[in-house]
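Structure first, then comments.
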Amino acid sequence: MTKPAKSDIGAIAIIISALALAIFSARSDSVTTDESPHITAGYSYLTQRDMRLNPEHPPLVKDLAALPLLFQKINLDTEHYSWKNDVNGQWTAGSHFLYESGNNPDKIAFAARGAVMALFVLLSWLVYRWGREKYGAATGLLALILTALSPNIIAHGRYVTTDVGATFAFVLAIYFFVKYINNPSGKYLAYAGLAFGLAQLIKFSLFLLVPFYIFITTALFFIKPSWPNLVRSVKSLLIIFVIGYLLVWPVYQFHIWNYPTERQKQDIEFTLRSYPFRPAADVVLWMADKPLLRPYAQYGLGLLMVFQRAGGGNTTYFMGEVSSTAWKNYFPSVYVLKEPIPILALVFFSALLAIQKTIRGVIKRRGAGWFRNIISGASGWIINNQTEFVWLSFIIFYWATSINGNLNIGLRHVLPTFPFIYLLTAGQIKKWTAGESLISARPVKLFLVAVLVLWLTVETVATYPHYLAYFNELAGGPANGYKYAADSNLDWGQDLKRLSRYVEENKIGKIKLDYFGGSKPEYYLGSKYEKLDAGNPSQRHGWLAVSATLLQGGRARATKGFDQNTSYYRWLDNYEPATRIGYSIFVYKLE
C-alpha cells in the first residue's frame with residue numbers, strides 16, 4: 001500500500017478544517033427558507049415513495065439529506081391537508097412537519113445538513129485532484145484553498161439546498177467529459193454518461209450541460225475540422241445523453257412508486273395550466289399516465305417549472321431598488337461585493353496576466369495576414385489547452401445565461417462557476433511564479449501569494465459563524481451588506497434561534513416580529529412572539545424585530561413598472577436599531 005503524498009495529507013487537513021467551520025457554524029443556524037420544503041420532501045420520498053412535494057428540484061440531494069433521518073423517530077403526518085389536498089403544498093407541509101408534528105426541528109435539520117456537507121467535502125477534493133492532475137500538487141492545493149475556504153461555498157455547503165450539490169455535479173460531469181475529450185475510450189465515455197445522469201438528478205440547472213456539451217463539440221470541430229471525428233463526437237454525445245437519461249428513469253420510478261397515477265396527472269395539469277409553451281406542457285401531461293413514461297413526466301414537470309420560474313422572475317431587493325425583473329449588473333456586482341478581496345486579487349491579477357500574454361501574442365503576429373495569424377494562434381491554444389478552454393467556456397456560458405435570466409435572488413446561482421474560476425486562477429498563478437515578469441524573484445512572488453492565502457484564511461475564520469451574511473471590505477463587511485442585497489446573499493432566516501436567545505437573555509416579555517425564513521417564530525419565542533404588521537401604527541411601540549429582506553423591501557425605490565408597495569417600512573428610518581442579530585434581523589426598542 002503506497003503512502004499518501006504530502007500534498008494529499010495537506011489537502012485532507014484543509015478540508016477537515018473547512019468542514020469543522022461548516023459543522024459548528026451550522027449548529028447555531030435556524031432552518032433557512034428553502035430547507036423546510038427540501039427536508040420534508042426528502043423524508044417523504046424515502047418513506048412514502050411519493051414525489052408530490054417539491055417537484056421543481058430533482059430528488060437526489062433531498063434523498064441524501066433524509067437518509068440520517070431514517071434513524072430518528074420522526075412523524076410525517078400524511079393526513080394533513082398539505083399532503084392530502086394541496087398541489088405541491090411544500091411550504092405548509094414543511095412547517096407542519098418540522099414544528100407541528102412533535103418532531104425536533106433542530107435535530108432533524110442538523111442531521112440532514114450532514115449530507116450537503118459531505119458533498120462540500122467531495123467538491124473540495126475533486127477541485128484539488130483536478131488541479132493536481134493538471135498543474136501539480138501545489139497548484140491543486142491553491143485551488144483547494146480558494147474553494148474550501150470560500151465563505152460563500154461554506155455558507156451554502158451547510159444547508160439542505162441544491163446549490164453546492166449542483167456545483168459538485170457540474171465539476172464532476174465536466175471532469176469526466178474533459179477526460180473523454182482528452183482520452184477517448186469506452187471507460188471515460190461511460191463515466192461521462194453516468195456523471196451526466198447524476199447531474200440531472202441533483203438540480204435542473206444541470207440541464208445546461210446539454211447545450212454546453214454541444215457547444216464544446218461544435219467548437220472543437222471548427223478548430224480542427226474532421227468529419228470522421230465529428231461523427232464520432234456526435235455519437236459520443238448521444239451515448240452520454242442516453243446513459244444519463246437511462247439513469248434518471250429508475251430513480252424517478254422509485255420516487256413515484258406510490259404516487260397515484262391520477263393524482264400525478266392532476267398535479268401536473270394544475271401546475272402547468274399557465275405554462276406559455278403548450279407543446280412542451282402537453283407532452284409532459286401525455287406521459288403522466290403511461291406506466292413506462294411516468295418517471296419522465298415527473299422529471300419533465302420539474303424542468304418546466306424551473307424554466308417558468310426563471311422566466312417569470314422573483315421580487316428582489318438590490319442596491320436601494322426593488323424589482324420583479326432582473327438587473328444586468330446584479331451578478332457581477334454581488335460577486336465583487338461578496339467574494340473575499342484576496343480571492344478577487346488573485347482572480348483579477350490572473351486575468352490581467354492572461355490578457356497581457358494574449359496582447360503580446362497579437363503584437364508578435366502583426367503585419368500581413370495578421371487577423372489570420374490571430375485566429376491560427378487562438379486555434380492552436382485551444383488545441384493545446386482543451387481543459388482550460390472548457391473551463392473558460394463554461395464560466396462565460398454560465399454567467400451569460402445567469403445575467404440574461406430573470407432570477408436575481410442570490411450569488412449562489414452562479415456558485416457552479418467558482419471552482420472553474422479558482423482552477424484557472426491557480427493555474428495562471430503557477431505560470432506567473434515560475435516565469436519572468438516585472439516581479440522576477442520567485443520568492444517574492446510566492447510570498448505575495450502566501451500573504452493573500454493567509455488573509456483569506458484569517459478572514460474566513462473571523463467570519464464564523466455568519467457565512468451566509470459575508471460581504472467583503474468593499475461593501476463595508478457583513479454589517480453593511482444589507483444596503484446592497486438581501487435574500488440568500490444575507491438573510492435566509494438563519495438567525496431566529498439567536499434572536500430567541502437575545503429575547504431570553506434580555507428578559508423581553510413581548511416582541512413583534514416580521515420574519516423571513518424557514519423556521520417558525522412561535523416555536524422559538526412562544527407566547528413572547530407577536531406577528532408584526534408593518535402597516536399597523538398601533539404596533540409601533542415596545543420591542544420590534546424585522547428580517548433584513550423584508551425591511552429593505554419595505555423602504556426601497558420601486559423600479560419602473562413595479563407596482564407593489566415598497567414604502568411600508570420607511571417609518572423605521574426615524575429609529576436606530578437597538579441591536580442586530582447575526583446581521584440579518586434588526587431589533588428596535590420604541591417608546
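Labels used: A, B, ... for chains in the order of the C-alpha cells, numbers from 1 for residues in each chain, and numbers from 1 for ligands as shown.
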Could you give me the residues within stretch 313-435 of chain A that DSSP places in strand (DSSP E or B), as a compact mmCIF listing (two decimals) with C-alpha atoms, in the first residue's frame?
```txt
# COMPACT_ATOMS: atom_id res chain seq x y z
CA THR A 316 -35.85 41.15 -5.09
CA TYR A 317 -34.05 43.98 -3.29
CA PHE A 318 -30.80 45.23 -4.85
CA GLU A 321 -34.32 49.19 -5.50
CA VAL A 322 -36.99 46.51 -5.58
CA SER A 323 -38.00 44.76 -8.78
```
Residues within 12 Å of A:Val251, please, as a VMD selection string. Count only C-alpha atoms; anything in the same chain fewer than 5 positions from it doesn't count. chain A and resid 45 to 46 49 to 51 58 to 60 63 197 to 198 200 to 202 244 to 246 256 to 257 294 to 296 298 to 299
Which is closest to A:Ile343 among A:Met117, A:Ala558, A:Val453, A:Leu220, if we use only C-alpha atoms?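 Of A:Met117, A:Ala558, A:Val453, A:Leu220, the one nearest A:Ile343, counting only C-alpha atoms, is A:Val453.
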Which residues are near A:Ser584? Cut-off 8 Å, only C-alpha atoms, ignore same chain within fewer than 4 positions. Put them as a list in words.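 Skipping anything fewer than 4 positions along the chain leaves Ala469, Tyr482, Leu490, Asp491, Gly493, Gln494, Asp495, Ser547, Ala548, Thr549 and Arg580 of chain A.
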Take the residues just selected and output them with N, CA, C and O atoms as a tab-separated table (two decimals), in the first residue's frame.
```
chain	number	residue	atom	x	y	z
A	469	ALA	N	-24.03	35.69	5.57
A	469	ALA	CA	-24.10	37.15	5.55
A	469	ALA	C	-22.78	37.79	5.14
A	469	ALA	O	-22.66	39.02	5.18
A	482	TYR	N	-26.54	44.54	4.01
A	482	TYR	CA	-27.98	44.73	3.77
A	482	TYR	C	-28.26	45.91	2.86
A	482	TYR	O	-29.32	45.99	2.24
A	490	LEU	N	-27.71	37.29	2.24
A	490	LEU	CA	-27.55	37.83	3.58
A	490	LEU	C	-28.50	37.21	4.59
A	490	LEU	O	-28.11	36.87	5.71
A	491	ASP	N	-29.76	37.10	4.19
A	491	ASP	CA	-30.84	36.80	5.14
A	491	ASP	C	-31.74	35.71	4.58
A	491	ASP	O	-32.53	35.95	3.66
A	493	GLY	N	-33.27	33.70	7.03
A	493	GLY	CA	-33.95	33.28	8.27
A	493	GLY	C	-33.06	32.51	9.22
A	493	GLY	O	-33.55	31.92	10.18
A	494	GLN	N	-31.74	32.55	9.02
A	494	GLN	CA	-30.82	31.71	9.78
A	494	GLN	C	-30.61	32.16	11.22
A	494	GLN	O	-30.04	31.42	12.03
A	495	ASP	N	-31.07	33.38	11.57
A	495	ASP	CA	-30.74	33.93	12.89
A	495	ASP	C	-31.90	33.90	13.89
A	495	ASP	O	-31.83	34.57	14.92
A	547	SER	N	-36.76	41.11	9.74
A	547	SER	CA	-35.73	40.50	8.91
A	547	SER	C	-35.27	41.48	7.85
A	547	SER	O	-36.06	42.26	7.30
A	548	ALA	N	-33.97	41.45	7.54
A	548	ALA	CA	-33.38	42.42	6.62
A	548	ALA	C	-34.04	42.38	5.25
A	548	ALA	O	-34.23	43.43	4.62
A	549	THR	N	-34.39	41.19	4.76
A	549	THR	CA	-35.01	41.07	3.44
A	549	THR	C	-36.33	41.84	3.39
A	549	THR	O	-36.62	42.55	2.42
A	580	ARG	N	-28.44	44.28	16.21
A	580	ARG	CA	-28.62	43.44	15.03
A	580	ARG	C	-28.32	42.01	15.45
A	580	ARG	O	-27.32	41.74	16.12
```
I'd like the interatomic distance between atom CA of A:Met319 and atom CA of A:Asn406, to a tenth of an Å.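 It comes out at 16.8 Å.
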Shortest interatomic distance to A:Ile14 - which of A:Leu446, A:Leu149, A:Leu123, A:Ile108, counting only C-alpha atoms: A:Leu149
Using only C-alpha atoms for the distances, tell me which of A:Ile403, A:Leu551, A:Leu119, A:Ala545 is nearest to A:Leu590.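 Using only C-alpha atoms, the shortest distance to A:Leu590 belongs to A:Ala545.
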Nearest to A:Leu209 by atom-to-atom distance, counting only C-alpha atoms, from A:Ile39, A:Val390, A:Ala109, A:Leu346: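 Comparing A:Ile39, A:Val390, A:Ala109, A:Leu346 against A:Leu209, the winner is A:Val390.
Closest approach to A:Leu292 from the set A:Ser30, A:Asn314, A:Gln253, A:Thr218 is made by A:Gln253, with distances taken over only C-alpha atoms.
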Find the residues around A:Asn88 up to 10 Å (only C-alpha atoms counted), leave out those fewer than 6 positions away in its own chain, and share them as a PyMOL selection string. chain A and resi 37+41+51-56+82+267-268+271
Nearest residue to A:Lys431 from the set A:Gln72, A:Ser350, A:Asn329, A:Ser236 (distances using only C-alpha atoms): A:Ser350
Write out as JSON lines the residues of stretch 15-113 of chain A that have any atom within 6 Å of an atom of stretch 511-534 of chain A, one row each with the nearest atom pair and its distance in Å to one decimal, counting only C-alpha atoms, sorted by chain and then rising number.
```
{"residue": "A:Val31", "atom": "CA", "partner": "A:Ser519", "partner_atom": "CA", "distance": 5.2}
{"residue": "A:Thr32", "atom": "CA", "partner": "A:Gly518", "partner_atom": "CA", "distance": 4.6}
{"residue": "A:Thr33", "atom": "CA", "partner": "A:Gly518", "partner_atom": "CA", "distance": 3.8}
{"residue": "A:Ser36", "atom": "CA", "partner": "A:Gly518", "partner_atom": "CA", "distance": 5.5}
```
Just C-alpha atoms for this one: save the residues we selected as an mmCIF file, in the first residue's frame.
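Written out: part_17.cif:
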```cif
data_model
loop_
_atom_site.group_PDB
_atom_site.id
_atom_site.type_symbol
_atom_site.label_atom_id
_atom_site.label_comp_id
_atom_site.auth_asym_id
_atom_site.auth_seq_id
_atom_site.Cartn_x
_atom_site.Cartn_y
_atom_site.Cartn_z
ATOM 1 C CA VAL A 31 -33.796 26.299 9.397
ATOM 2 C CA THR A 32 -33.454 28.525 6.342
ATOM 3 C CA THR A 33 -36.089 29.416 3.766
ATOM 4 C CA SER A 36 -38.037 23.446 5.234
#
```
Have a look at atom CA of A:Leu304 and atom CA of A:Ala199 and let me know their distance in Å, one decimal.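 Between atom CA of A:Leu304 and atom CA of A:Ala199 the gap is 16.9 Å.
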A:Tyr159: which residues within 12 Å, counting only C-alpha atoms, same-chain residues fewer than 5 positions away excluded, as a ChimeraX atom specification? /A:22-23,25-27,29-36,38-39,61-62,65,109-120,152-154,164-165,412,467-468,488,492-494,518
How close does stretch 413-449 of chain A get to stretch 125-147 of chain A? List, as JSON lines, each residue of stretch 413-449 of chain A within 7 Å, its nearest atom pair and the distance in Å to one decimal, counting only C-alpha atoms.
```
{"residue": "A:Pro419", "atom": "CA", "partner": "A:Thr147", "partner_atom": "CA", "distance": 6.3}
{"residue": "A:Tyr422", "atom": "CA", "partner": "A:Ala143", "partner_atom": "CA", "distance": 5.4}
{"residue": "A:Leu423", "atom": "CA", "partner": "A:Ala143", "partner_atom": "CA", "distance": 5.4}
{"residue": "A:Ala426", "atom": "CA", "partner": "A:Ala143", "partner_atom": "CA", "distance": 5.5}
{"residue": "A:Gly427", "atom": "CA", "partner": "A:Tyr135", "partner_atom": "CA", "distance": 6.4}
{"residue": "A:Lys430", "atom": "CA", "partner": "A:Thr139", "partner_atom": "CA", "distance": 6.4}
```
Dump of N, CA, C and O atoms for the selected residues, as a PDB file, in the first residue's frame:
```pdb
ATOM      1  N   PRO A 419     -15.509  26.981  -8.783  1.00  0.00           N
ATOM      2  CA  PRO A 419     -14.362  26.069  -8.865  1.00  0.00           C
ATOM      3  C   PRO A 419     -13.565  26.217 -10.158  1.00  0.00           C
ATOM      4  O   PRO A 419     -12.333  26.108 -10.148  1.00  0.00           O
ATOM      5  N   TYR A 422     -11.452  29.260  -9.883  1.00  0.00           N
ATOM      6  CA  TYR A 422     -10.319  29.005  -8.990  1.00  0.00           C
ATOM      7  C   TYR A 422      -9.255  28.135  -9.655  1.00  0.00           C
ATOM      8  O   TYR A 422      -8.056  28.347  -9.444  1.00  0.00           O
ATOM      9  N   LEU A 423      -9.683  27.160 -10.430  1.00  0.00           N
ATOM     10  CA  LEU A 423      -8.719  26.306 -11.130  1.00  0.00           C
ATOM     11  C   LEU A 423      -7.924  27.116 -12.162  1.00  0.00           C
ATOM     12  O   LEU A 423      -6.690  26.986 -12.254  1.00  0.00           O
ATOM     13  N   ALA A 426      -5.542  29.429 -10.192  1.00  0.00           N
ATOM     14  CA  ALA A 426      -4.391  28.709  -9.631  1.00  0.00           C
ATOM     15  C   ALA A 426      -3.394  28.334 -10.724  1.00  0.00           C
ATOM     16  O   ALA A 426      -2.171  28.423 -10.529  1.00  0.00           O
ATOM     17  N   GLY A 427      -3.905  27.924 -11.881  1.00  0.00           N
ATOM     18  CA  GLY A 427      -3.021  27.575 -12.988  1.00  0.00           C
ATOM     19  C   GLY A 427      -2.224  28.772 -13.481  1.00  0.00           C
ATOM     20  O   GLY A 427      -1.030  28.668 -13.782  1.00  0.00           O
ATOM     21  N   LYS A 430       0.503  29.687 -11.029  1.00  0.00           N
ATOM     22  CA  LYS A 430       1.653  28.788 -11.158  1.00  0.00           C
ATOM     23  C   LYS A 430       2.591  29.262 -12.278  1.00  0.00           C
ATOM     24  O   LYS A 430       3.810  29.305 -12.103  1.00  0.00           O
TER      25      LYS A 430
END
```
Got a sec: who's within 12 Å of stretch 211-214 of chain A, counting only C-alpha atoms, leaving out chain neighbours fewer than 2 positions off, as an MDAnalysis selection string? chainID A and resid 170 173:174 176:178 180:181 192:193 196 205:209 216:221 230 233:238 240:241 390:398 401
Do you have the atom CA of A:Gly476-atom CA of A:Ala148 distance handy?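 So the answer is 23.4 Å.
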Where in stretch 45-86 of chain A does DSSP assign helix (DSSP H, G or I), given as a ChimeraX atom specification? /A:45-48,60-71,81-84
